[in-house]
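Undergrad: Provided herewith: structure-v6.csv, CSV, C-alpha atoms and all ligand atoms.
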```
chain,number,residue,atom,x,y,z
A,9,MET,CA,-52.5,-1.8,-7.7
A,10,LYS,CA,-49.5,-2.1,-10.0
A,11,CYS,CA,-46.5,-4.3,-9.7
A,12,ARG,CA,-43.6,-2.4,-8.1
A,13,ARG,CA,-41.1,-4.0,-10.4
A,14,CYS,CA,-42.7,-4.0,-13.9
A,15,LYS,CA,-45.9,-1.9,-13.5
A,16,ALA,CA,-48.2,-4.7,-14.8
A,17,PRO,CA,-51.4,-5.3,-12.7
A,18,ALA,CA,-50.5,-6.8,-9.4
A,19,ILE,CA,-51.9,-10.0,-7.9
A,20,ILE,CA,-50.5,-9.8,-4.4
A,21,ASP,CA,-49.8,-7.0,-2.0
A,22,LEU,CA,-47.1,-7.3,0.6
A,23,PRO,CA,-47.7,-4.5,3.1
A,24,ARG,CA,-44.4,-5.2,5.0
A,25,HIS,CA,-42.5,-4.3,1.8
A,26,ASN,CA,-45.0,-1.5,1.1
A,27,ALA,CA,-45.3,-3.1,-2.4
A,28,ALA,CA,-47.4,-5.2,-4.7
A,29,PHE,CA,-46.2,-7.6,-7.4
A,30,CYS,CA,-47.4,-9.4,-10.5
A,31,ALA,CA,-47.0,-13.2,-10.6
A,32,ASP,CA,-43.6,-13.2,-12.3
A,33,CYS,CA,-42.1,-10.5,-10.2
A,34,PHE,CA,-43.5,-12.1,-7.0
A,35,THR,CA,-41.8,-15.5,-7.8
A,36,HIS,CA,-38.6,-13.5,-8.6
A,37,GLN,CA,-38.9,-11.8,-5.2
A,38,CYS,CA,-39.3,-15.2,-3.5
A,39,ARG,CA,-36.2,-16.6,-5.2
A,40,GLU,CA,-34.2,-13.4,-4.2
A,41,GLN,CA,-35.3,-13.8,-0.5
A,42,VAL,CA,-34.2,-17.4,-0.4
A,43,LYS,CA,-30.8,-16.6,-2.1
A,44,ARG,CA,-30.4,-13.8,0.4
A,45,ALA,CA,-31.1,-16.0,3.4
A,46,ILE,CA,-28.8,-18.7,2.2
A,47,HIS,CA,-26.0,-16.2,1.5
A,48,GLU,CA,-26.4,-14.1,4.6
A,49,HIS,CA,-26.3,-17.1,7.0
A,50,HIS,CA,-23.9,-19.3,4.9
A,51,MET,CA,-26.5,-22.0,4.7
A,52,ILE,CA,-25.4,-24.0,1.7
A,53,GLU,CA,-22.0,-23.7,-0.2
A,54,PRO,CA,-21.7,-24.6,-3.9
A,55,GLY,CA,-21.4,-28.3,-4.4
A,56,GLU,CA,-22.9,-29.4,-1.1
A,57,SER,CA,-25.5,-32.1,-1.0
A,58,VAL,CA,-28.9,-31.0,0.4
A,59,LEU,CA,-31.7,-33.1,1.8
A,60,VAL,CA,-35.1,-31.2,2.1
A,61,ALA,CA,-37.6,-32.4,4.7
A,62,VAL,CA,-40.9,-32.5,2.8
A,63,SER,CA,-44.4,-32.9,4.3
A,64,GLY,CA,-46.7,-32.3,1.3
A,65,GLY,CA,-47.6,-28.9,2.8
A,66,LYS,CA,-47.1,-25.5,1.1
A,67,ASP,CA,-43.8,-24.5,2.8
A,68,SER,CA,-41.7,-27.6,2.2
A,69,LEU,CA,-42.9,-28.1,-1.4
A,70,ALA,CA,-42.3,-24.4,-2.1
A,71,LEU,CA,-38.8,-24.7,-0.6
A,72,TRP,CA,-38.0,-27.7,-2.7
A,73,ASP,CA,-39.2,-25.9,-5.8
A,74,LEU,CA,-37.4,-22.7,-4.9
A,75,LEU,CA,-34.1,-24.5,-4.3
A,76,HIS,CA,-34.5,-26.2,-7.7
A,77,GLU,CA,-35.3,-22.8,-9.4
A,78,ILE,CA,-32.2,-21.1,-8.0
A,79,GLY,CA,-29.9,-24.0,-9.1
A,80,ILE,CA,-29.4,-25.8,-5.8
A,81,PRO,CA,-30.1,-29.5,-6.4
A,82,ALA,CA,-31.8,-31.2,-3.5
A,83,ASP,CA,-33.3,-34.6,-2.7
A,84,GLY,CA,-36.5,-34.9,-0.6
A,85,LEU,CA,-37.2,-36.9,2.6
A,86,TYR,CA,-40.8,-37.7,3.5
A,87,LEU,CA,-41.7,-39.1,6.9
A,88,GLY,CA,-44.9,-41.2,7.2
A,89,LEU,CA,-46.3,-40.2,10.5
A,90,GLY,CA,-49.3,-42.5,10.5
A,91,ILE,CA,-51.9,-39.8,11.2
A,92,GLY,CA,-54.9,-41.3,9.4
A,93,ASP,CA,-56.0,-40.0,6.1
A,94,TYR,CA,-54.0,-36.8,6.6
A,95,SER,CA,-50.8,-38.7,6.3
A,96,ASP,CA,-51.9,-40.8,3.4
A,97,GLU,CA,-52.8,-37.7,1.5
A,98,SER,CA,-49.7,-35.7,2.4
A,99,GLY,CA,-47.6,-38.6,1.1
A,100,GLU,CA,-49.5,-38.5,-2.2
A,101,TYR,CA,-49.0,-34.7,-2.6
A,102,THR,CA,-45.3,-35.2,-1.9
A,103,ARG,CA,-44.8,-38.1,-4.3
A,104,ALA,CA,-46.8,-36.3,-7.1
A,105,PHE,CA,-44.5,-33.3,-6.8
A,106,ALA,CA,-41.3,-35.3,-6.8
A,107,ARG,CA,-42.6,-37.3,-9.9
A,108,SER,CA,-43.6,-34.3,-11.9
A,109,HIS,CA,-40.4,-32.5,-11.2
A,110,GLY,CA,-38.1,-35.5,-11.7
A,111,LEU,CA,-36.8,-35.2,-8.1
A,112,HIS,CA,-35.5,-37.9,-5.9
A,113,LEU,CA,-37.5,-38.7,-2.8
A,114,HIS,CA,-36.5,-40.8,0.2
A,115,GLU,CA,-39.3,-42.2,2.4
A,116,VAL,CA,-39.3,-43.3,6.0
A,117,ASP,CA,-42.4,-44.8,7.5
A,118,LEU,CA,-42.8,-44.8,11.3
A,119,ARG,CA,-45.2,-47.6,11.5
A,120,SER,CA,-43.6,-50.1,9.2
A,121,GLN,CA,-40.0,-49.3,10.0
A,122,TYR,CA,-40.1,-48.2,13.7
A,123,GLY,CA,-43.3,-49.9,14.9
A,124,TYR,CA,-45.2,-46.9,16.1
A,125,ASP,CA,-47.2,-43.9,14.8
A,126,ILE,CA,-47.7,-40.3,16.1
A,127,PRO,CA,-51.3,-40.8,17.6
A,128,GLY,CA,-50.0,-43.9,19.4
A,129,ALA,CA,-46.9,-42.1,20.7
A,130,ALA,CA,-49.0,-39.2,22.0
A,131,GLU,CA,-51.2,-41.7,23.8
A,132,VAL,CA,-48.3,-43.4,25.7
A,133,THR,CA,-46.5,-40.2,26.5
A,134,HIS,CA,-49.7,-38.3,27.6
A,135,ARG,CA,-48.3,-35.3,26.0
A,136,SER,CA,-49.1,-33.3,22.9
A,137,PRO,CA,-48.7,-35.2,19.7
A,138,CYS,CA,-46.6,-32.4,18.3
A,139,GLY,CA,-44.0,-33.1,21.0
A,140,ALA,CA,-43.6,-36.8,19.9
A,141,CYS,CA,-43.8,-35.7,16.2
A,142,GLY,CA,-41.2,-33.0,16.5
A,143,LEU,CA,-38.8,-35.4,18.3
A,144,SER,CA,-39.3,-38.1,15.7
A,145,LYS,CA,-38.8,-35.7,12.8
A,146,ARG,CA,-35.7,-34.1,14.2
A,147,HIS,CA,-34.1,-37.5,15.0
A,148,LEU,CA,-35.0,-39.1,11.7
A,149,PHE,CA,-34.1,-36.2,9.4
A,150,ASN,CA,-30.7,-36.1,11.0
A,151,GLN,CA,-30.3,-39.8,10.9
A,152,VAL,CA,-31.1,-40.1,7.2
A,153,ALA,CA,-28.8,-37.2,6.4
A,154,LEU,CA,-25.9,-38.8,8.2
A,155,ASP,CA,-26.6,-42.3,6.8
A,156,GLU,CA,-26.9,-41.0,3.2
A,157,ASN,CA,-24.1,-38.5,3.4
A,158,TYR,CA,-25.9,-35.3,2.9
A,159,ASP,CA,-24.1,-32.2,4.1
A,160,VAL,CA,-27.2,-30.2,4.9
A,161,VAL,CA,-30.8,-30.8,6.0
A,162,ALA,CA,-33.2,-28.0,4.8
A,163,THR,CA,-36.6,-27.5,6.4
A,164,GLY,CA,-39.5,-25.3,5.3
A,165,HIS,CA,-39.7,-23.2,8.5
A,166,ASN,CA,-40.9,-19.7,7.4
A,167,LEU,CA,-40.9,-16.3,9.0
A,168,ASP,CA,-44.2,-16.9,10.8
A,169,ASP,CA,-43.0,-20.2,12.3
A,170,GLU,CA,-39.8,-18.6,13.5
A,171,ALA,CA,-41.6,-15.5,14.9
A,172,ALA,CA,-44.2,-17.8,16.7
A,173,VAL,CA,-41.5,-20.0,18.2
A,174,LEU,CA,-39.4,-16.9,19.2
A,175,PHE,CA,-42.5,-15.4,20.8
A,176,GLY,CA,-43.1,-18.5,22.8
A,177,ASN,CA,-39.5,-18.9,23.9
A,178,VAL,CA,-39.4,-15.2,25.0
A,179,LEU,CA,-42.7,-15.4,26.9
A,180,ARG,CA,-41.2,-18.2,29.0
A,181,TRP,CA,-37.6,-17.1,28.8
A,182,GLU,CA,-36.5,-20.5,27.5
A,183,THR,CA,-32.9,-19.5,27.4
A,184,ALA,CA,-31.5,-22.8,26.1
A,185,TYR,CA,-34.0,-22.8,23.3
A,186,LEU,CA,-33.3,-19.2,22.5
A,187,GLY,CA,-29.6,-20.1,22.2
A,188,ARG,CA,-30.5,-22.8,19.6
A,189,GLN,CA,-33.0,-20.8,17.6
A,190,PHE,CA,-31.1,-19.6,14.5
A,191,PRO,CA,-31.6,-20.0,10.7
A,192,VAL,CA,-28.6,-22.2,10.6
A,193,LEU,CA,-27.3,-24.8,13.1
A,194,PRO,CA,-23.7,-25.8,12.2
A,195,ALA,CA,-22.8,-29.5,11.9
A,196,THR,CA,-21.3,-31.0,15.0
A,197,PRO,CA,-20.3,-34.6,15.7
A,198,GLY,CA,-23.5,-36.6,15.3
A,199,PHE,CA,-25.5,-33.7,13.8
A,200,ALA,CA,-25.8,-32.6,10.2
A,201,ARG,CA,-26.0,-28.9,9.5
A,202,LYS,CA,-29.6,-27.7,9.6
A,203,VAL,CA,-30.8,-24.7,7.6
A,204,LYS,CA,-34.1,-22.8,7.2
A,205,PRO,CA,-33.9,-21.0,3.8
A,206,LEU,CA,-37.5,-19.6,4.1
A,207,VAL,CA,-36.9,-17.5,7.1
A,208,ARG,CA,-37.3,-14.3,5.1
A,209,LEU,CA,-40.7,-15.3,3.6
A,210,THR,CA,-44.1,-15.5,5.3
A,211,GLU,CA,-46.6,-18.2,5.4
A,212,ARG,CA,-49.0,-16.2,3.2
A,213,GLU,CA,-46.2,-15.7,0.7
A,214,MET,CA,-45.5,-19.4,0.6
A,215,ALA,CA,-49.1,-20.3,0.0
A,216,ALA,CA,-49.2,-17.6,-2.8
A,217,TYR,CA,-46.1,-19.0,-4.3
A,218,CYS,CA,-47.7,-22.4,-4.5
A,219,VAL,CA,-50.8,-21.1,-6.1
A,220,ILE,CA,-48.9,-19.1,-8.7
A,221,ARG,CA,-46.5,-21.9,-9.5
A,222,GLY,CA,-49.4,-24.4,-9.7
A,223,ILE,CA,-48.0,-26.5,-6.9
A,224,ASP,CA,-50.6,-28.8,-5.5
A,225,TYR,CA,-50.2,-28.9,-1.8
A,226,GLN,CA,-52.1,-30.3,1.1
A,227,VAL,CA,-54.3,-27.4,2.3
A,228,GLU,CA,-56.0,-29.3,5.0
A,229,GLU,CA,-54.3,-29.0,8.4
A,230,CYS,CA,-52.9,-31.8,10.5
A,231,PRO,CA,-55.8,-32.9,12.8
A,232,MET,CA,-53.3,-33.0,15.6
A,233,ALA,CA,-52.6,-29.3,15.4
A,234,ALA,CA,-55.9,-28.3,17.0
A,235,GLY,CA,-55.4,-26.0,19.9
A,236,ASN,CA,-51.6,-25.9,19.4
A,237,ARG,CA,-50.3,-22.9,21.1
A,238,HIS,CA,-48.1,-21.9,18.2
A,239,ILE,CA,-51.3,-21.2,16.2
A,240,ALA,CA,-52.4,-18.8,18.9
A,241,PHE,CA,-49.0,-17.1,18.8
A,242,LYS,CA,-49.3,-16.7,15.0
A,243,GLU,CA,-52.7,-15.2,15.3
A,244,VAL,CA,-51.5,-12.6,17.8
A,245,LEU,CA,-48.5,-11.8,15.7
A,246,ASN,CA,-50.6,-11.3,12.6
A,247,GLN,CA,-52.8,-8.9,14.5
A,248,LEU,CA,-49.7,-6.9,15.4
A,249,GLU,CA,-48.5,-7.2,11.8
A,250,GLN,CA,-51.8,-5.8,10.7
A,251,LYS,CA,-51.4,-2.7,12.8
A,252,SER,CA,-47.7,-2.3,12.0
A,253,PRO,CA,-46.5,-4.1,8.9
A,254,GLY,CA,-43.0,-5.5,9.2
A,255,THR,CA,-43.3,-6.4,12.9
A,256,LYS,CA,-42.7,-10.1,12.5
A,257,ALA,CA,-39.6,-9.6,10.3
A,258,ALA,CA,-38.2,-7.0,12.7
A,259,PHE,CA,-38.8,-9.3,15.6
A,260,THR,CA,-36.9,-12.3,14.1
A,261,SER,CA,-34.2,-10.5,12.2
A,262,GLY,CA,-33.5,-8.3,15.2
A,263,PHE,CA,-33.2,-11.4,17.4
A,264,TRP,CA,-30.8,-13.0,15.1
A,265,SER,CA,-28.6,-10.0,14.7
A,266,ARG,CA,-28.7,-8.6,18.2
A,267,GLY,CA,-30.4,-11.0,20.6
A,268,HIS,CA,-29.4,-14.6,19.8
A,269,GLN,CA,-25.7,-14.2,20.7
A,270,ALA,CA,-26.6,-13.5,24.4
A,271,PHE,CA,-28.0,-17.0,24.7
A,272,ALA,CA,-25.7,-19.0,22.4
A,273,ALA,CA,-23.3,-20.0,25.1
A,274,GLU,CA,-26.0,-21.9,27.0
A,275,ALA,CA,-26.8,-24.0,23.9
A,276,ASP,CA,-23.1,-24.6,23.2
A,277,ASP,CA,-22.7,-25.9,26.8
A,278,GLU,CA,-25.5,-28.4,26.3
A,279,ARG,CA,-23.9,-29.7,23.1
A,280,ALA,CA,-20.4,-29.9,24.6
A,281,THR,CA,-21.5,-32.6,27.1
A,282,LEU,CA,-23.1,-35.0,24.7
A,283,LEU,CA,-22.6,-38.8,24.9
A,284,PRO,CA,-23.8,-41.4,22.3
A,285,CYS,CA,-27.1,-43.2,22.7
A,286,VAL,CA,-26.6,-46.8,23.7
A,287,GLU,CA,-29.0,-47.9,21.0
A,288,CYS,CA,-28.6,-45.7,17.9
A,289,GLY,CA,-25.4,-43.7,18.7
A,290,ALA,CA,-27.1,-40.3,18.4
A,291,PRO,CA,-25.8,-37.7,20.8
A,292,THR,CA,-27.6,-37.6,24.1
A,293,THR,CA,-27.2,-35.7,27.4
A,294,THR,CA,-27.3,-38.9,29.5
A,295,GLY,CA,-25.2,-41.4,27.5
A,296,ASP,CA,-28.2,-43.8,28.0
A,297,ARG,CA,-31.0,-44.3,25.5
A,298,CYS,CA,-31.7,-41.1,23.5
A,299,ALA,CA,-35.1,-39.5,23.7
A,300,PHE,CA,-36.1,-40.9,20.3
A,301,CYS,CA,-35.2,-44.5,21.2
A,302,SER,CA,-37.1,-44.2,24.5
A,303,LEU,CA,-40.1,-42.9,22.7
A,304,ARG,CA,-39.9,-45.6,20.1
A,305,ALA,CA,-39.5,-48.3,22.7
A,306,ARG,CA,-42.6,-47.2,24.7
A,307,ALA,CA,-44.8,-46.5,21.7
A,308,SER,CA,-43.9,-49.6,19.8
A,309,ALA,CA,-44.5,-51.8,22.8
A,310,ALA,CA,-47.9,-50.2,23.4
A,311,ALA,CA,-48.7,-50.6,19.7
A,312,SER,CA,-47.9,-54.3,19.6
A,313,GLU,CA,-50.3,-55.1,22.6
A,314,PRO,CA,-53.3,-57.0,21.3
A,315,ASN,CA,-56.7,-55.3,21.2
A,316,ARG,CA,-55.2,-51.9,21.4
A,317,PRO,CA,-58.0,-49.6,20.2
A,318,ILE,CA,-56.9,-47.7,17.1
A,319,GLU,CA,-57.6,-44.1,17.7
A,320,VAL,CA,-57.7,-41.9,14.7
A,321,PRO,CA,-58.3,-38.2,15.4
A,322,VAL,CA,-61.3,-36.9,13.6
A,323,THR,CA,-61.5,-33.3,14.8
A,324,LEU,CA,-60.4,-30.7,12.3
A,325,ARG,CA,-59.0,-27.3,13.3
A,326,SER,CA,-61.6,-24.7,12.6
A,327,GLU,CA,-60.7,-22.4,9.7
A,328,THR,CA,-58.7,-19.2,10.5
B,119,MET,CA,-70.9,-15.4,-3.3
B,120,VAL,CA,-70.0,-11.9,-2.5
B,121,PRO,CA,-72.8,-9.6,-1.4
B,122,GLY,CA,-72.6,-6.6,-3.7
B,123,PRO,CA,-69.6,-5.1,-5.4
B,124,MET,CA,-66.9,-4.5,-2.8
B,125,THR,CA,-63.2,-4.6,-2.4
B,126,VAL,CA,-61.3,-7.5,-1.0
B,127,ALA,CA,-60.2,-5.4,1.9
B,128,ALA,CA,-63.8,-4.5,2.7
B,129,LEU,CA,-64.9,-8.2,2.4
B,130,LEU,CA,-62.2,-9.3,4.8
B,131,THR,CA,-63.1,-6.5,7.3
B,132,ARG,CA,-66.7,-7.5,7.1
B,133,LEU,CA,-65.8,-11.1,7.8
B,134,GLU,CA,-63.4,-10.0,10.6
B,135,ILE,CA,-60.5,-11.8,9.0
B,136,VAL,CA,-56.9,-10.6,9.4
B,137,PRO,CA,-55.6,-10.2,5.8
B,138,GLU,CA,-52.2,-11.6,6.7
B,139,SER,CA,-53.8,-14.9,7.6
B,140,VAL,CA,-55.4,-15.7,4.3
B,141,LEU,CA,-55.1,-15.6,0.5
B,142,VAL,CA,-58.1,-14.4,-1.5
B,143,ILE,CA,-58.5,-16.3,-4.8
B,144,ASN,CA,-61.0,-15.1,-7.4
B,145,GLY,CA,-61.7,-17.8,-10.0
B,146,ASP,CA,-58.2,-19.2,-10.2
B,147,THR,CA,-56.1,-16.1,-9.6
B,148,LEU,CA,-54.9,-14.3,-6.5
B,149,VAL,CA,-56.3,-10.8,-6.0
B,150,THR,CA,-54.9,-7.8,-4.2
B,151,HIS,CA,-56.7,-6.1,-1.3
B,152,ASP,CA,-57.8,-3.2,-3.4
B,153,ALA,CA,-59.3,-5.4,-6.1
B,154,ARG,CA,-63.1,-4.9,-6.6
B,155,LEU,CA,-65.2,-8.1,-6.5
B,156,ALA,CA,-68.2,-8.2,-8.7
B,157,ASP,CA,-71.7,-8.9,-7.3
B,158,ASP,CA,-71.6,-12.5,-8.2
B,159,ALA,CA,-67.9,-13.2,-7.8
B,160,GLU,CA,-67.1,-16.6,-6.2
B,161,VAL,CA,-64.0,-16.2,-4.1
B,162,GLU,CA,-62.1,-18.6,-2.1
B,163,ILE,CA,-60.6,-17.4,1.2
B,164,ARG,CA,-57.9,-19.8,1.9
B,165,PRO,CA,-56.3,-19.9,5.4
B,166,VAL,CA,-52.5,-20.0,5.3
B,167,ILE,CA,-51.7,-20.5,9.0
B,168,SER,CA,-50.2,-24.0,9.7
B,169,GLY,CA,-49.9,-25.4,13.2
B,170,GLY,CA,-47.4,-27.8,14.7
B,171,ALA,CA,-44.5,-27.4,17.0
B,172,THR,CA,-41.3,-28.0,15.0
A,401,LIG,S1,-49.3,-30.6,13.7
A,401,LIG,FE1,-48.1,-31.6,15.3
A,401,LIG,S2,-48.6,-33.8,15.0
A,401,LIG,FE2,-49.3,-32.7,13.1
A,401,LIG,S3,-47.5,-32.9,11.7
A,401,LIG,FE3,-47.3,-30.9,12.8
A,401,LIG,S4,-46.0,-31.4,14.6
A,401,LIG,FE4,-46.7,-33.4,13.7
A,402,ZN,ZN,-44.1,-7.4,-12.3
A,403,ZN,ZN,-31.1,-43.5,20.2
```
Could the structure of this file be written out as structure tokens, please?
Ligand code: SF4
Ligand SMILES: [Zn+2]
Ligand SMILES: [Zn+2]

TA:
Amino acid sequence: MKCRRCKAPAIIDLPRHNAAFCADCFTHQCREQVKRAIHEHHMIEPGESVLVAVSGGKDSLALWDLLHEIGIPADGLYLGLGIGDYSDESGEYTRAFARSHGLHLHEVDLRSQYGYDIPGAAEVTHRSPCGACGLSKRHLFNQVALDENYDVVATGHNLDDEAAVLFGNVLRWETAYLGRQFPVLPATPGFARKVKPLVRLTEREMAAYCVIRGIDYQVEECPMAAGNRHIAFKEVLNQLEQKSPGTKAAFTSGFWSRGHQAFAAEADDERATLLPCVECGAPTTTGDRCAFCSLRARASAAASEPNRPIEVPVTLRSET
Amino acid sequence: MVPGPMTVAALLTRLEIVPESVLVINGDTLVTHDARLADDAEVEIRPVISGGAT
């Protein structure tokens, strides 16, 4: 196969574009897709300050690198989740990337700064660790952005992430979630703007980008992801993609251009009735303690009980 | 080790792997699905699907 752009031997084929690319033209293509997403959804204006949420995985490191490459300076924010060796290693990958690229990295550690970790939080809530984890991430990314005066929080959600979440929301007709699922969420009182510049790029493309650019990322999956329903949705969508390349992109971009608007009012209503959390001031629906402060209170209380058995998950997700 | 010269696409089919869910790395470079793998090629099939509700 030859590169569509320069005719050199190709190293990656992208069936959804009916094309293959050499290394240089592929990274060029990734930069163009990011620029296009940023432009199309007015994600970042010139001169705005950007905070990238980095996990040490392929997507967030690729995002940080891509922003840098297209001339958008951004600082990183790493959240220590306290998930055993997985978290220790992910922190190392993130710090190594920041160091080698001369980029500024903020760090927040759940255990030392907030008195809990994700395995402990999952235990007290009796719910999936990803629920407690997502809640903690959303809250703290926003909090740091507001405290440190960043205009925008950028996350590494890619096309597959968005397609899987959309698929899940549609299967259960989660109308409020559908109203909120968009590549950019505007800033409102108490919330920084949130953007997803990788929505035009797939997970496979981001892994390829890291390999080509020599970005060392954490290949190992979070042990807590085992059995997560989003993985099942991704597998189903990839089977459809295999039969009909371009399906995932059509699903998401069609939703954003033609479907999302129908649900937006519901999300706006929710945001219009927000009151500040009594503890941290973050917007809440009740005007009492916000979901994050409740989680933190319960999880940190349980963690400080003596003789609490420390549970470190050891099961690994089976490959593919 | 790859059994016999075969294309990447054929290898993935044989292993019942959906191509969209992996990268195939031969030595240290990525290879396209039509690439022919030598008899003794050592290839890495790297999963790219991440989990986590975000
Ligand atoms: S898989 Fe779940 S617990 Fe692990 S980092 Fe992702 S959201 Fe958090
Ligand atoms: Zn080329
Ligand atoms: Zn709060």

Undergrad: Taking all atoms listed in the file into account and nothing else, which residues of chain A lie no more than 9 Å away from chain B? Please answer as a ChimeraX atom specification.

TA: /A:9,18-21,28,31,65-66,138-139,141-143,145-146,165,168-169,173,211-216,219-220,227,229-230,232-239,242-243,246-247,249-250,327-328

Undergrad: Counting only C-alpha atoms, find residues at most 12 Å from (-24.9, -18.4, 24.3) (file frame) and give them as an mmCIF file with C-alpha atoms, in the frame of the given file.

TA:
```cif
data_model
loop_
_atom_site.group_PDB
_atom_site.id
_atom_site.type_symbol
_atom_site.label_atom_id
_atom_site.label_comp_id
_atom_site.auth_asym_id
_atom_site.auth_seq_id
_atom_site.Cartn_x
_atom_site.Cartn_y
_atom_site.Cartn_z
ATOM 1 C CA THR A 183 -32.900 -19.500 27.400
ATOM 2 C CA ALA A 184 -31.500 -22.800 26.100
ATOM 3 C CA TYR A 185 -34.000 -22.800 23.300
ATOM 4 C CA LEU A 186 -33.300 -19.200 22.500
ATOM 5 C CA GLY A 187 -29.600 -20.100 22.200
ATOM 6 C CA ARG A 188 -30.500 -22.800 19.600
ATOM 7 C CA GLN A 189 -33.000 -20.800 17.600
ATOM 8 C CA PHE A 190 -31.100 -19.600 14.500
ATOM 9 C CA GLY A 267 -30.400 -11.000 20.600
ATOM 10 C CA HIS A 268 -29.400 -14.600 19.800
ATOM 11 C CA GLN A 269 -25.700 -14.200 20.700
ATOM 12 C CA ALA A 270 -26.600 -13.500 24.400
ATOM 13 C CA PHE A 271 -28.000 -17.000 24.700
ATOM 14 C CA ALA A 272 -25.700 -19.000 22.400
ATOM 15 C CA ALA A 273 -23.300 -20.000 25.100
ATOM 16 C CA GLU A 274 -26.000 -21.900 27.000
ATOM 17 C CA ALA A 275 -26.800 -24.000 23.900
ATOM 18 C CA ASP A 276 -23.100 -24.600 23.200
ATOM 19 C CA ASP A 277 -22.700 -25.900 26.800
ATOM 20 C CA GLU A 278 -25.500 -28.400 26.300
ATOM 21 C CA ARG A 279 -23.900 -29.700 23.100
#
```

Undergrad: To check your reading of the model: which residues sit at most 6 Å from ligand ZN 403 (chain A) when counting all atoms listed in the file? Write the answer as a PDB file with C-alpha atoms, in the coordinates of the input.

TA:
```pdb
ATOM      1  CA  CYS A 285     -27.100 -43.200  22.700  1.00  0.00           C
ATOM      2  CA  GLU A 287     -29.000 -47.900  21.000  1.00  0.00           C
ATOM      3  CA  CYS A 288     -28.600 -45.700  17.900  1.00  0.00           C
ATOM      4  CA  GLY A 289     -25.400 -43.700  18.700  1.00  0.00           C
ATOM      5  CA  ALA A 290     -27.100 -40.300  18.400  1.00  0.00           C
ATOM      6  CA  ARG A 297     -31.000 -44.300  25.500  1.00  0.00           C
ATOM      7  CA  CYS A 298     -31.700 -41.100  23.500  1.00  0.00           C
ATOM      8  CA  PHE A 300     -36.100 -40.900  20.300  1.00  0.00           C
ATOM      9  CA  CYS A 301     -35.200 -44.500  21.200  1.00  0.00           C
TER      10      CYS A 301
END
```

Undergrad: Mind pulling up the distance from CA of Trp181 in chain A to CA of Phe263 in chain A?

TA: 13.5 Å

Undergrad: Taking all atoms listed in the file into account, which residues are within 8 Å of ligand ZN 402 (chain A), as a short mmCIF file (atom, residue, chain, number, x, y, z; two decimals) with C-alpha atoms, in the frame of the given file?

TA:
```cif
data_model
loop_
_atom_site.label_atom_id
_atom_site.label_comp_id
_atom_site.auth_asym_id
_atom_site.auth_seq_id
_atom_site.Cartn_x
_atom_site.Cartn_y
_atom_site.Cartn_z
CA LYS A 10 -49.50 -2.10 -10.00
CA CYS A 11 -46.50 -4.30 -9.70
CA ARG A 12 -43.60 -2.40 -8.10
CA ARG A 13 -41.10 -4.00 -10.40
CA CYS A 14 -42.70 -4.00 -13.90
CA LYS A 15 -45.90 -1.90 -13.50
CA ALA A 16 -48.20 -4.70 -14.80
CA PRO A 17 -51.40 -5.30 -12.70
CA ALA A 18 -50.50 -6.80 -9.40
CA PHE A 29 -46.20 -7.60 -7.40
CA CYS A 30 -47.40 -9.40 -10.50
CA ALA A 31 -47.00 -13.20 -10.60
CA ASP A 32 -43.60 -13.20 -12.30
CA CYS A 33 -42.10 -10.50 -10.20
CA PHE A 34 -43.50 -12.10 -7.00
#
```

Undergrad: Check the smallest atom-to-atom distance from each of A:Ile91, A:Ala299, A:Val286, A:Leu248 to ligand LIG 401 (chain A) using all atoms listed in the file, then report the winner.

TA: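 Nearest to ligand LIG 401 (chain A): A:Ile91.
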
Undergrad: Could you state the separation of CA of Ala171 in chain A and CA of Ala153 in chain A in Å, given to one decimal place?

TA: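 Taking CA of Ala171 in chain A and CA of Ala153 in chain A, their separation equals 26.6 Å.
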
Undergrad: CA of Val62 in chain A and CA of Ile80 in chain A are how many Å apart?

TA: 15.8 Å

Undergrad: Can you pull out every residue within 9 Å of Gln151 in chain A, counting all atoms listed in the file, but drop anything in the same chain fewer than 4 positions away, and send it as an MDAnalysis selection string?

TA: chainID A and resid 146:147 155:156 198:200 290

Undergrad: Show me the residues close to (-32.8, -15.6, 3.2) - anything with an atom within 12 Å, counting all atoms listed in the file - and format the list as a PyMOL selection string.

TA: chain A and resi 37-52+71+74-75+164-167+191-192+203-210+257+261
